[in-house]
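Single-structure report; data block below.
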Amino acid sequence: MTGRHSAGVPILRLGDVLVTGLLDELDDRSAMGFVDELTERIAREAATGVLIDISRLEVIDSFVARTLSELTTTARLLGARVIVAGMRPPVAITLVELGLKLHGVETALNAEAGMAALGWYRTNRLGEATRGDDAS
Amino acid sequence: MTPPDHRATPDLGTGPRAAAAVHRVEFPVRTEEDLLEARHAVRAATQEMGFGLVDQTRVVTAASELVRNAYIHGGGGTLVVERLRRPKGSGLRLTVSDSGPGIPDVEAALTDGFSTGAGLGHGLGGARRLMHEFAIECPPGGGTTVSVTRWTAG
């Protein structure tokens with residue numbers, strides 16, 4: 001537990017998908033630590049999908065954009081598909097004006113849409129099905 | 001009698017056409033923590049000045065590009081945040097200076113894709129597009145000073 005190596009961001013595993021996110025307070029060193037940790041987890045756990053929620057990111061500059069691009073490429077080489085979800089609209093506008101297209105990075109409007117793209121679907125809750133049965 | 005506002009400082013801007021700076025704060029750009037601190041300060045200033053959310057994001061992103069340039073290429077430097085006032089509205093000017101080797105070819109550095117260090121090479125040109133005014137100085141003796149301004153809609 002070196003503290004510096006880890007970005008302090010949880011990386012959850014749901015089946016063969018890793019779910020994580022980026023915080024706005026991330027400094028450059030922690031961003032690199034996050035990439036290292038996530039890359040290692042993809043390989044070790046043979047993940048086929050990675051969801052990165054960025055809804056907390058208030059700014060994406062060229063450094064963060066490059067980090068996301070490289071992470072996506074690295075993950076693809078390891079057999080995992082990365083989806084970046086939840087970009088804030090002002091961030092999207094700014095990225096376009098900045099001239100950054102995040103080439104090769106798949107995106108989704110929010111985490112739920114991203115998980116669906118990775119093959120996860122929300123099923124009807126048991127309670128609703130039961131109520132339906134009762135009514136009939 | 002001078003105005004009682006002790007924060008008021010003389011305009012250190014780029015000539016007689018420059019709007020008056022009514023508030024000026026300086027931040028060091030020496031460590032990674034300074035980069036975050038600079039972003040926070042710029043964000044807070046844009047909020048207090050009433051910039052919209054998209055404009056806030058533009059200005060903070062430009063600030064992030066410029067201070068990172070100074071940190072990575074210039075070996076550190078300073079960020080000066082100035083609030084400007086002109087007859088129609090107010091503005092925020094960011095001036096980032098470093099005493100690094102300077103930029104040998106400014107035109108090339110403003111072209112997308114140019115980079116001599118970490119980054120995609122969109123930093124300088126991107127910061128110019130995100131702001132209303134852009135000026136860069138690279139004196140022969142070395143060092144780089146980039147000054148950018150964005151005005152509120154009013």
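Just so we're on the same page: first chain in the structure tokens is A, next is B, and so on; residues restart at 1 for each chain, and ligands are numbered from 1 in the order they show up.
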Hey, could you make a per-residue contact list for segment 16-70 of chain A against segment 101-114 of chain A with 9 Å as the cut-off, showing the nearest pair of atoms and its distance in Å to one decimal, counting only C-alpha atoms, sorted by chain and number, as JSON lines?
{"residue": "A:Leu51", "atom": "CA", "partner": "A:Gly114", "partner_atom": "CA", "distance": 6.6}
{"residue": "A:Ile52", "atom": "CA", "partner": "A:Ala111", "partner_atom": "CA", "distance": 8.0}
{"residue": "A:Asp53", "atom": "CA", "partner": "A:Ala111", "partner_atom": "CA", "distance": 6.2}
{"residue": "A:Ile54", "atom": "CA", "partner": "A:Asn110", "partner_atom": "CA", "distance": 8.9}
{"residue": "A:Ser55", "atom": "CA", "partner": "A:Asn110", "partner_atom": "CA", "distance": 7.9}
{"residue": "A:Ala65", "atom": "CA", "partner": "A:Leu102", "partner_atom": "CA", "distance": 6.4}
{"residue": "A:Arg66", "atom": "CA", "partner": "A:Leu102", "partner_atom": "CA", "distance": 7.7}
{"residue": "A:Leu68", "atom": "CA", "partner": "A:Val105", "partner_atom": "CA", "distance": 7.4}
{"residue": "A:Ser69", "atom": "CA", "partner": "A:Val105", "partner_atom": "CA", "distance": 6.1}
Just list as a short mmCIF file (atom, residue, chain, number, x, y, z; two decimals) with all heavy atoms, in the first residue's frame whatever in segment 11-133 of chain A DSSP marks as alpha helix (DSSP H).
data_model
loop_
_atom_site.label_atom_id
_atom_site.label_comp_id
_atom_site.auth_asym_id
_atom_site.auth_seq_id
_atom_site.Cartn_x
_atom_site.Cartn_y
_atom_site.Cartn_z
N ASP A 28 -1.54 14.20 -11.84
CA ASP A 28 -0.92 13.45 -12.94
C ASP A 28 -0.33 12.12 -12.46
O ASP A 28 -0.48 11.09 -13.10
CB ASP A 28 0.18 14.29 -13.60
CG ASP A 28 -0.39 15.52 -14.29
OD1 ASP A 28 -1.59 15.78 -14.10
OD2 ASP A 28 0.35 16.18 -15.02
N ARG A 29 0.34 12.17 -11.31
CA ARG A 29 0.97 10.96 -10.80
C ARG A 29 -0.07 9.90 -10.48
O ARG A 29 0.10 8.72 -10.80
CB ARG A 29 1.79 11.27 -9.54
CG ARG A 29 3.27 11.42 -9.77
CD ARG A 29 3.99 11.37 -8.44
NE ARG A 29 3.34 12.23 -7.45
CZ ARG A 29 3.83 13.39 -7.04
NH1 ARG A 29 4.96 13.83 -7.52
NH2 ARG A 29 3.20 14.10 -6.14
N SER A 30 -1.15 10.33 -9.83
CA SER A 30 -2.20 9.37 -9.49
C SER A 30 -2.86 8.82 -10.74
O SER A 30 -3.26 7.65 -10.78
CB SER A 30 -3.26 10.04 -8.61
OG SER A 30 -2.67 10.58 -7.47
N ALA A 31 -2.97 9.65 -11.78
CA ALA A 31 -3.55 9.18 -13.04
C ALA A 31 -2.70 8.06 -13.62
O ALA A 31 -3.23 7.04 -14.08
CB ALA A 31 -3.67 10.34 -14.03
N MET A 32 -1.38 8.25 -13.57
CA MET A 32 -0.49 7.19 -14.08
C MET A 32 -0.63 5.94 -13.22
O MET A 32 -0.64 4.83 -13.73
CB MET A 32 0.97 7.66 -14.04
CG MET A 32 1.19 9.01 -14.66
SD MET A 32 1.05 8.97 -16.42
CE MET A 32 2.72 9.44 -16.84
N GLY A 33 -0.73 6.12 -11.88
CA GLY A 33 -0.89 4.98 -10.97
C GLY A 33 -2.17 4.23 -11.27
O GLY A 33 -2.21 3.00 -11.25
N PHE A 34 -3.22 5.00 -11.59
CA PHE A 34 -4.51 4.40 -11.92
C PHE A 34 -4.40 3.55 -13.18
O PHE A 34 -4.90 2.42 -13.23
CB PHE A 34 -5.53 5.53 -12.13
CG PHE A 34 -6.85 5.07 -12.68
CD1 PHE A 34 -7.77 4.42 -11.88
CD2 PHE A 34 -7.17 5.30 -14.01
CE1 PHE A 34 -8.99 3.99 -12.39
CE2 PHE A 34 -8.39 4.88 -14.53
CZ PHE A 34 -9.29 4.23 -13.71
N VAL A 35 -3.71 4.07 -14.19
CA VAL A 35 -3.54 3.33 -15.44
C VAL A 35 -2.78 2.02 -15.18
O VAL A 35 -3.18 0.95 -15.66
CB VAL A 35 -2.78 4.19 -16.48
CG1 VAL A 35 -2.34 3.34 -17.67
CG2 VAL A 35 -3.66 5.35 -16.94
N ASP A 36 -1.72 2.12 -14.39
CA ASP A 36 -0.92 0.92 -14.08
C ASP A 36 -1.78 -0.13 -13.38
O ASP A 36 -1.76 -1.31 -13.73
CB ASP A 36 0.27 1.28 -13.18
CG ASP A 36 1.32 2.08 -13.93
OD1 ASP A 36 1.19 2.17 -15.18
OD2 ASP A 36 2.23 2.61 -13.29
N GLU A 37 -2.52 0.34 -12.36
CA GLU A 37 -3.32 -0.59 -11.56
C GLU A 37 -4.41 -1.24 -12.41
O GLU A 37 -4.62 -2.46 -12.36
CB GLU A 37 -3.93 0.16 -10.38
CG GLU A 37 -4.57 -0.75 -9.34
CD GLU A 37 -5.18 0.04 -8.19
OE1 GLU A 37 -4.84 1.24 -8.04
OE2 GLU A 37 -5.98 -0.54 -7.44
N LEU A 38 -5.08 -0.42 -13.22
CA LEU A 38 -6.18 -0.95 -14.03
C LEU A 38 -5.65 -1.94 -15.07
O LEU A 38 -6.24 -3.01 -15.30
CB LEU A 38 -6.92 0.21 -14.71
CG LEU A 38 -8.20 -0.15 -15.45
CD1 LEU A 38 -9.18 -0.87 -14.54
CD2 LEU A 38 -8.87 1.10 -16.02
N THR A 39 -4.53 -1.60 -15.68
CA THR A 39 -3.93 -2.48 -16.69
C THR A 39 -3.57 -3.84 -16.07
O THR A 39 -3.85 -4.90 -16.65
CB THR A 39 -2.67 -1.83 -17.27
OG1 THR A 39 -3.00 -0.53 -17.76
CG2 THR A 39 -2.11 -2.66 -18.42
N GLU A 40 -3.02 -3.78 -14.87
CA GLU A 40 -2.64 -5.02 -14.19
C GLU A 40 -3.87 -5.86 -13.85
O GLU A 40 -3.86 -7.08 -14.02
CB GLU A 40 -1.86 -4.65 -12.92
CG GLU A 40 -1.14 -5.83 -12.28
CD GLU A 40 -0.77 -5.49 -10.85
OE1 GLU A 40 -0.16 -4.42 -10.64
OE2 GLU A 40 -1.10 -6.29 -9.96
N ARG A 41 -4.94 -5.18 -13.42
CA ARG A 41 -6.18 -5.91 -13.08
C ARG A 41 -6.80 -6.55 -14.31
O ARG A 41 -7.32 -7.67 -14.26
CB ARG A 41 -7.19 -4.95 -12.43
CG ARG A 41 -6.80 -4.48 -11.03
CD ARG A 41 -7.18 -5.48 -9.96
NE ARG A 41 -8.59 -5.81 -9.94
CZ ARG A 41 -9.50 -5.20 -9.17
NH1 ARG A 41 -9.13 -4.21 -8.38
NH2 ARG A 41 -10.76 -5.57 -9.19
N ILE A 42 -6.77 -5.83 -15.45
CA ILE A 42 -7.32 -6.38 -16.69
C ILE A 42 -6.62 -7.69 -17.03
O ILE A 42 -7.26 -8.71 -17.33
CB ILE A 42 -7.16 -5.38 -17.86
CG1 ILE A 42 -8.07 -4.17 -17.66
CG2 ILE A 42 -7.46 -6.06 -19.20
CD1 ILE A 42 -7.78 -3.02 -18.62
N ALA A 43 -5.29 -7.67 -16.95
CA ALA A 43 -4.52 -8.87 -17.30
C ALA A 43 -4.75 -9.99 -16.29
O ALA A 43 -5.03 -11.12 -16.65
CB ALA A 43 -3.04 -8.50 -17.39
N ARG A 44 -4.66 -9.63 -15.00
CA ARG A 44 -4.72 -10.65 -13.95
C ARG A 44 -6.10 -11.32 -13.91
O ARG A 44 -6.22 -12.51 -13.68
CB ARG A 44 -4.40 -10.00 -12.60
CG ARG A 44 -4.46 -10.95 -11.43
CD ARG A 44 -3.55 -10.52 -10.29
NE ARG A 44 -3.52 -9.08 -10.08
CZ ARG A 44 -4.23 -8.44 -9.14
NH1 ARG A 44 -5.03 -9.11 -8.35
NH2 ARG A 44 -4.12 -7.14 -8.98
N SER A 62 -5.60 18.02 -22.31
CA SER A 62 -4.95 17.11 -23.25
C SER A 62 -4.23 15.97 -22.53
O SER A 62 -4.11 14.87 -23.05
CB SER A 62 -4.00 17.87 -24.18
OG SER A 62 -3.09 18.65 -23.44
N PHE A 63 -3.80 16.22 -21.29
CA PHE A 63 -3.13 15.15 -20.55
C PHE A 63 -4.11 14.01 -20.21
O PHE A 63 -3.83 12.84 -20.43
CB PHE A 63 -2.51 15.69 -19.26
CG PHE A 63 -1.96 14.61 -18.36
CD1 PHE A 63 -0.73 14.04 -18.62
CD2 PHE A 63 -2.69 14.16 -17.28
CE1 PHE A 63 -0.23 13.02 -17.81
CE2 PHE A 63 -2.21 13.15 -16.47
CZ PHE A 63 -0.97 12.58 -16.74
N VAL A 64 -5.27 14.38 -19.67
CA VAL A 64 -6.27 13.37 -19.30
C VAL A 64 -6.78 12.67 -20.56
O VAL A 64 -6.97 11.45 -20.57
CB VAL A 64 -7.43 14.02 -18.52
CG1 VAL A 64 -8.51 13.00 -18.22
CG2 VAL A 64 -6.93 14.64 -17.23
N ALA A 65 -6.97 13.44 -21.64
CA ALA A 65 -7.44 12.85 -22.89
C ALA A 65 -6.44 11.82 -23.40
O ALA A 65 -6.81 10.72 -23.82
CB ALA A 65 -7.65 13.95 -23.94
N ARG A 66 -5.15 12.18 -23.34
CA ARG A 66 -4.13 11.25 -23.80
C ARG A 66 -4.11 10.00 -22.92
O ARG A 66 -3.97 8.88 -23.40
CB ARG A 66 -2.75 11.93 -23.77
CG ARG A 66 -1.65 11.07 -24.35
CD ARG A 66 -0.30 11.73 -24.22
NE ARG A 66 0.07 11.88 -22.82
CZ ARG A 66 1.28 11.56 -22.34
NH1 ARG A 66 2.20 11.09 -23.13
NH2 ARG A 66 1.53 11.72 -21.07
N THR A 67 -4.26 10.22 -21.61
CA THR A 67 -4.28 9.08 -20.68
C THR A 67 -5.42 8.13 -21.03
O THR A 67 -5.22 6.90 -21.08
CB THR A 67 -4.43 9.59 -19.23
OG1 THR A 67 -3.36 10.50 -18.96
CG2 THR A 67 -4.37 8.45 -18.25
N LEU A 68 -6.60 8.67 -21.29
CA LEU A 68 -7.75 7.82 -21.63
C LEU A 68 -7.52 7.09 -22.96
O LEU A 68 -7.85 5.91 -23.10
CB LEU A 68 -9.03 8.67 -21.72
CG LEU A 68 -9.61 9.13 -20.39
CD1 LEU A 68 -10.77 10.09 -20.62
CD2 LEU A 68 -10.07 7.94 -19.55
N SER A 69 -6.95 7.80 -23.93
CA SER A 69 -6.67 7.20 -25.24
C SER A 69 -5.69 6.04 -25.12
O SER A 69 -5.91 4.96 -25.67
CB SER A 69 -6.06 8.26 -26.17
OG SER A 69 -7.01 8.72 -27.06
N GLU A 70 -4.60 6.28 -24.38
CA GLU A 70 -3.58 5.25 -24.25
C GLU A 70 -4.09 4.06 -23.46
O GLU A 70 -3.79 2.91 -23.78
CB GLU A 70 -2.33 5.85 -23.59
CG GLU A 70 -1.61 6.82 -24.50
CD GLU A 70 -0.36 7.42 -23.87
OE1 GLU A 70 -0.13 7.19 -22.67
OE2 GLU A 70 0.36 8.12 -24.59
N LEU A 71 -4.87 4.37 -22.43
CA LEU A 71 -5.44 3.28 -21.62
C LEU A 71 -6.33 2.39 -22.47
O LEU A 71 -6.29 1.16 -22.37
CB LEU A 71 -6.23 3.88 -20.45
CG LEU A 71 -6.95 2.90 -19.53
CD1 LEU A 71 -5.95 1.96 -18.88
CD2 LEU A 71 -7.73 3.65 -18.48
N THR A 72 -7.14 3.02 -23.33
CA THR A 72 -8.04 2.26 -24.20
C THR A 72 -7.25 1.36 -25.14
O THR A 72 -7.60 0.19 -25.34
CB THR A 72 -8.91 3.23 -25.01
OG1 THR A 72 -9.65 4.04 -24.10
CG2 THR A 72 -9.85 2.49 -25.92
N THR A 73 -6.18 1.90 -25.70
CA THR A 73 -5.35 1.12 -26.62
C THR A 73 -4.69 -0.05 -25.90
O THR A 73 -4.69 -1.19 -26.38
CB THR A 73 -4.28 2.02 -27.26
OG1 THR A 73 -4.93 3.14 -27.86
CG2 THR A 73 -3.49 1.26 -28.32
N THR A 74 -4.13 0.23 -24.72
CA THR A 74 -3.47 -0.83 -23.94
C THR A 74 -4.46 -1.92 -23.59
O THR A 74 -4.16 -3.12 -23.74
CB THR A 74 -2.89 -0.24 -22.64
OG1 THR A 74 -2.06 0.87 -22.98
CG2 THR A 74 -2.06 -1.27 -21.91
N ALA A 75 -5.64 -1.52 -23.14
CA ALA A 75 -6.66 -2.50 -22.75
C ALA A 75 -7.05 -3.36 -23.94
O ALA A 75 -7.21 -4.58 -23.82
CB ALA A 75 -7.88 -1.78 -22.18
N ARG A 76 -7.18 -2.71 -25.11
CA ARG A 76 -7.57 -3.47 -26.31
C ARG A 76 -6.52 -4.53 -26.63
O ARG A 76 -6.84 -5.65 -27.01
CB ARG A 76 -7.76 -2.52 -27.49
CG ARG A 76 -8.38 -3.20 -28.70
CD ARG A 76 -8.52 -2.25 -29.89
NE ARG A 76 -9.34 -1.09 -29.56
CZ ARG A 76 -8.94 0.17 -29.74
NH1 ARG A 76 -7.74 0.43 -30.22
NH2 ARG A 76 -9.75 1.15 -29.43
N LEU A 77 -5.26 -4.17 -26.46
CA LEU A 77 -4.18 -5.13 -26.73
C LEU A 77 -4.25 -6.30 -25.76
O LEU A 77 -3.80 -7.40 -26.07
CB LEU A 77 -2.81 -4.43 -26.61
CG LEU A 77 -2.52 -3.40 -27.70
CD1 LEU A 77 -1.22 -2.66 -27.40
CD2 LEU A 77 -2.44 -4.06 -29.07
N PRO A 89 -21.64 17.52 -20.45
CA PRO A 89 -21.76 18.28 -21.71
C PRO A 89 -20.75 19.43 -21.86
O PRO A 89 -20.15 19.56 -22.94
CB PRO A 89 -23.20 18.78 -21.68
CG PRO A 89 -23.93 17.75 -20.88
CD PRO A 89 -22.95 17.29 -19.83
N PRO A 90 -20.49 20.25 -20.81
CA PRO A 90 -19.49 21.31 -20.99
C PRO A 90 -18.10 20.75 -21.31
O PRO A 90 -17.33 21.36 -22.04
CB PRO A 90 -19.47 22.04 -19.64
CG PRO A 90 -20.76 21.70 -18.99
CD PRO A 90 -21.11 20.32 -19.47
N VAL A 91 -17.81 19.58 -20.74
CA VAL A 91 -16.52 18.95 -21.01
C VAL A 91 -16.45 18.50 -22.47
O VAL A 91 -15.43 18.68 -23.14
CB VAL A 91 -16.29 17.75 -20.06
CG1 VAL A 91 -15.08 16.94 -20.48
CG2 VAL A 91 -16.13 18.24 -18.62
N ALA A 92 -17.55 17.96 -22.98
CA ALA A 92 -17.59 17.52 -24.38
C ALA A 92 -17.39 18.71 -25.32
O ALA A 92 -16.60 18.64 -26.27
CB ALA A 92 -18.93 16.83 -24.67
N ILE A 93 -18.07 19.82 -25.04
CA ILE A 93 -17.94 21.02 -25.87
C ILE A 93 -16.50 21.51 -25.87
O ILE A 93 -15.91 21.82 -26.91
CB ILE A 93 -18.88 22.14 -25.35
CG1 ILE A 93 -20.34 21.74 -25.57
CG2 ILE A 93 -18.58 23.48 -26.02
CD1 ILE A 93 -21.35 22.64 -24.85
N THR A 94 -15.90 21.55 -24.67
CA THR A 94 -14.54 22.05 -24.54
C THR A 94 -13.53 21.15 -25.26
O THR A 94 -12.61 21.63 -25.90
CB THR A 94 -14.17 22.18 -23.04
OG1 THR A 94 -15.11 23.07 -22.42
CG2 THR A 94 -12.77 22.74 -22.86
N LEU A 95 -13.75 19.83 -25.15
CA LEU A 95 -12.85 18.89 -25.82
C LEU A 95 -12.84 19.13 -27.32
O LEU A 95 -11.79 19.11 -27.97
CB LEU A 95 -13.30 17.45 -25.55
CG LEU A 95 -12.69 16.72 -24.37
CD1 LEU A 95 -13.18 15.29 -24.35
CD2 LEU A 95 -11.17 16.75 -24.41
N VAL A 96 -14.03 19.34 -27.89
CA VAL A 96 -14.13 19.57 -29.34
C VAL A 96 -13.38 20.84 -29.72
O VAL A 96 -12.61 20.88 -30.67
CB VAL A 96 -15.60 19.65 -29.78
CG1 VAL A 96 -15.71 20.10 -31.23
CG2 VAL A 96 -16.27 18.29 -29.60
N GLU A 97 -13.59 21.91 -28.93
CA GLU A 97 -12.91 23.17 -29.23
C GLU A 97 -11.40 23.06 -29.05
O GLU A 97 -10.62 23.71 -29.74
CB GLU A 97 -13.47 24.29 -28.34
CG GLU A 97 -14.90 24.64 -28.70
CD GLU A 97 -15.49 25.71 -27.83
OE1 GLU A 97 -14.80 26.22 -26.92
OE2 GLU A 97 -16.67 26.04 -28.04
N LEU A 98 -11.02 22.23 -28.11
CA LEU A 98 -9.59 21.99 -27.86
C LEU A 98 -8.96 21.23 -29.03
O LEU A 98 -7.75 21.22 -29.20
CB LEU A 98 -9.46 21.19 -26.56
CG LEU A 98 -8.20 21.26 -25.73
CD1 LEU A 98 -7.80 22.69 -25.44
CD2 LEU A 98 -8.42 20.51 -24.42
N ALA A 111 -23.30 5.58 -17.05
CA ALA A 111 -22.76 4.28 -16.66
C ALA A 111 -23.70 3.14 -17.05
O ALA A 111 -23.26 2.07 -17.49
CB ALA A 111 -22.49 4.26 -15.16
N GLU A 112 -25.01 3.37 -16.93
CA GLU A 112 -25.97 2.32 -17.24
C GLU A 112 -25.90 1.94 -18.73
O GLU A 112 -25.87 0.77 -19.09
CB GLU A 112 -27.38 2.78 -16.86
CG GLU A 112 -28.40 1.66 -16.96
CD GLU A 112 -29.77 2.09 -16.44
OE1 GLU A 112 -29.97 3.29 -16.23
OE2 GLU A 112 -30.61 1.19 -16.27
N ALA A 113 -25.86 2.97 -19.58
CA ALA A 113 -25.75 2.71 -21.02
C ALA A 113 -24.42 2.03 -21.34
O ALA A 113 -24.36 1.15 -22.20
CB ALA A 113 -25.87 4.03 -21.80
N GLY A 114 -23.39 2.41 -20.62
CA GLY A 114 -22.08 1.79 -20.83
C GLY A 114 -22.09 0.32 -20.46
O GLY A 114 -21.56 -0.53 -21.18
N MET A 115 -22.71 0.00 -19.33
CA MET A 115 -22.79 -1.39 -18.90
C MET A 115 -23.63 -2.20 -19.88
O MET A 115 -23.32 -3.36 -20.17
CB MET A 115 -23.38 -1.48 -17.48
CG MET A 115 -22.46 -0.98 -16.38
SD MET A 115 -20.84 -1.77 -16.37
CE MET A 115 -21.23 -3.36 -15.61
N ALA A 116 -24.69 -1.58 -20.39
CA ALA A 116 -25.53 -2.29 -21.37
C ALA A 116 -24.70 -2.62 -22.61
O ALA A 116 -24.80 -3.72 -23.16
CB ALA A 116 -26.74 -1.43 -21.73
N ALA A 117 -23.87 -1.66 -23.04
CA ALA A 117 -23.02 -1.90 -24.21
C ALA A 117 -22.04 -3.04 -23.95
O ALA A 117 -21.62 -3.74 -24.87
CB ALA A 117 -22.27 -0.62 -24.58
N LEU A 126 -37.71 -8.55 -8.95
CA LEU A 126 -38.55 -9.67 -8.52
C LEU A 126 -39.87 -9.16 -7.96
O LEU A 126 -40.94 -9.71 -8.22
CB LEU A 126 -37.79 -10.47 -7.45
CG LEU A 126 -38.33 -11.85 -7.12
CD1 LEU A 126 -38.34 -12.71 -8.38
CD2 LEU A 126 -37.50 -12.51 -6.03
N GLY A 127 -39.79 -8.07 -7.17
CA GLY A 127 -40.98 -7.52 -6.52
C GLY A 127 -42.06 -7.16 -7.53
O GLY A 127 -43.24 -7.45 -7.33
N GLU A 128 -41.67 -6.56 -8.64
CA GLU A 128 -42.63 -6.15 -9.65
C GLU A 128 -43.32 -7.36 -10.26
O GLU A 128 -44.53 -7.38 -10.46
CB GLU A 128 -41.93 -5.35 -10.76
CG GLU A 128 -41.57 -3.92 -10.30
CD GLU A 128 -40.69 -3.22 -11.30
OE1 GLU A 128 -40.28 -3.86 -12.30
OE2 GLU A 128 -40.39 -2.05 -11.07
N ALA A 129 -42.51 -8.40 -10.50
CA ALA A 129 -43.08 -9.62 -11.10
C ALA A 129 -44.11 -10.23 -10.14
O ALA A 129 -45.19 -10.65 -10.55
CB ALA A 129 -41.96 -10.61 -11.38
N THR A 130 -43.76 -10.22 -8.84
CA THR A 130 -44.66 -10.80 -7.85
C THR A 130 -45.97 -10.02 -7.79
O THR A 130 -47.05 -10.59 -7.76
CB THR A 130 -43.99 -10.79 -6.46
OG1 THR A 130 -42.72 -11.38 -6.58
CG2 THR A 130 -44.81 -11.57 -5.47
N ARG A 131 -45.83 -8.67 -7.78
CA ARG A 131 -47.04 -7.86 -7.72
C ARG A 131 -47.91 -8.14 -8.94
O ARG A 131 -49.13 -8.23 -8.84
CB ARG A 131 -46.68 -6.36 -7.68
CG ARG A 131 -46.53 -5.82 -6.27
CD ARG A 131 -46.71 -4.31 -6.27
NE ARG A 131 -45.82 -3.65 -7.19
CZ ARG A 131 -44.55 -3.36 -6.95
NH1 ARG A 131 -44.03 -3.69 -5.78
NH2 ARG A 131 -43.81 -2.75 -7.83
N GLY A 132 -47.27 -8.28 -10.10
CA GLY A 132 -48.01 -8.58 -11.32
C GLY A 132 -48.80 -9.88 -11.19
O GLY A 132 -49.97 -9.97 -11.56
N ASP A 133 -48.15 -10.87 -10.56
CA ASP A 133 -48.81 -12.17 -10.37
C ASP A 133 -50.02 -12.04 -9.46
O ASP A 133 -51.08 -12.61 -9.69
CB ASP A 133 -47.81 -13.19 -9.77
CG ASP A 133 -46.75 -13.56 -10.78
OD1 ASP A 133 -47.00 -13.37 -12.00
OD2 ASP A 133 -45.69 -14.03 -10.37
#
task: Might you pull out every residue within 9 Å of segment 42-55 of chain B, with only C-alpha atoms counted and same-chain residues fewer than 5 positions away left off, and present them as a ChimeraX atom specification?
output: /A:89-91,93-94 /B:37,60,63,81,83,90-92,94,130,150-153
- prompt: Restricting the calculation to only C-alpha atoms, which member of A:Val82, A:Glu25, A:Ala46, A:Gly119 is positioned closest to chain B?
  reply: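 Counting only C-alpha atoms, the residue closest to chain B is A:Glu25.
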query: Any idea which chain B residues end up within 12 Å of chain A if we count only C-alpha atoms, as number ranges by chain please?
result: B: 31-37, 39-40, 43, 52-69, 71-72, 110-113, 115, 117-131
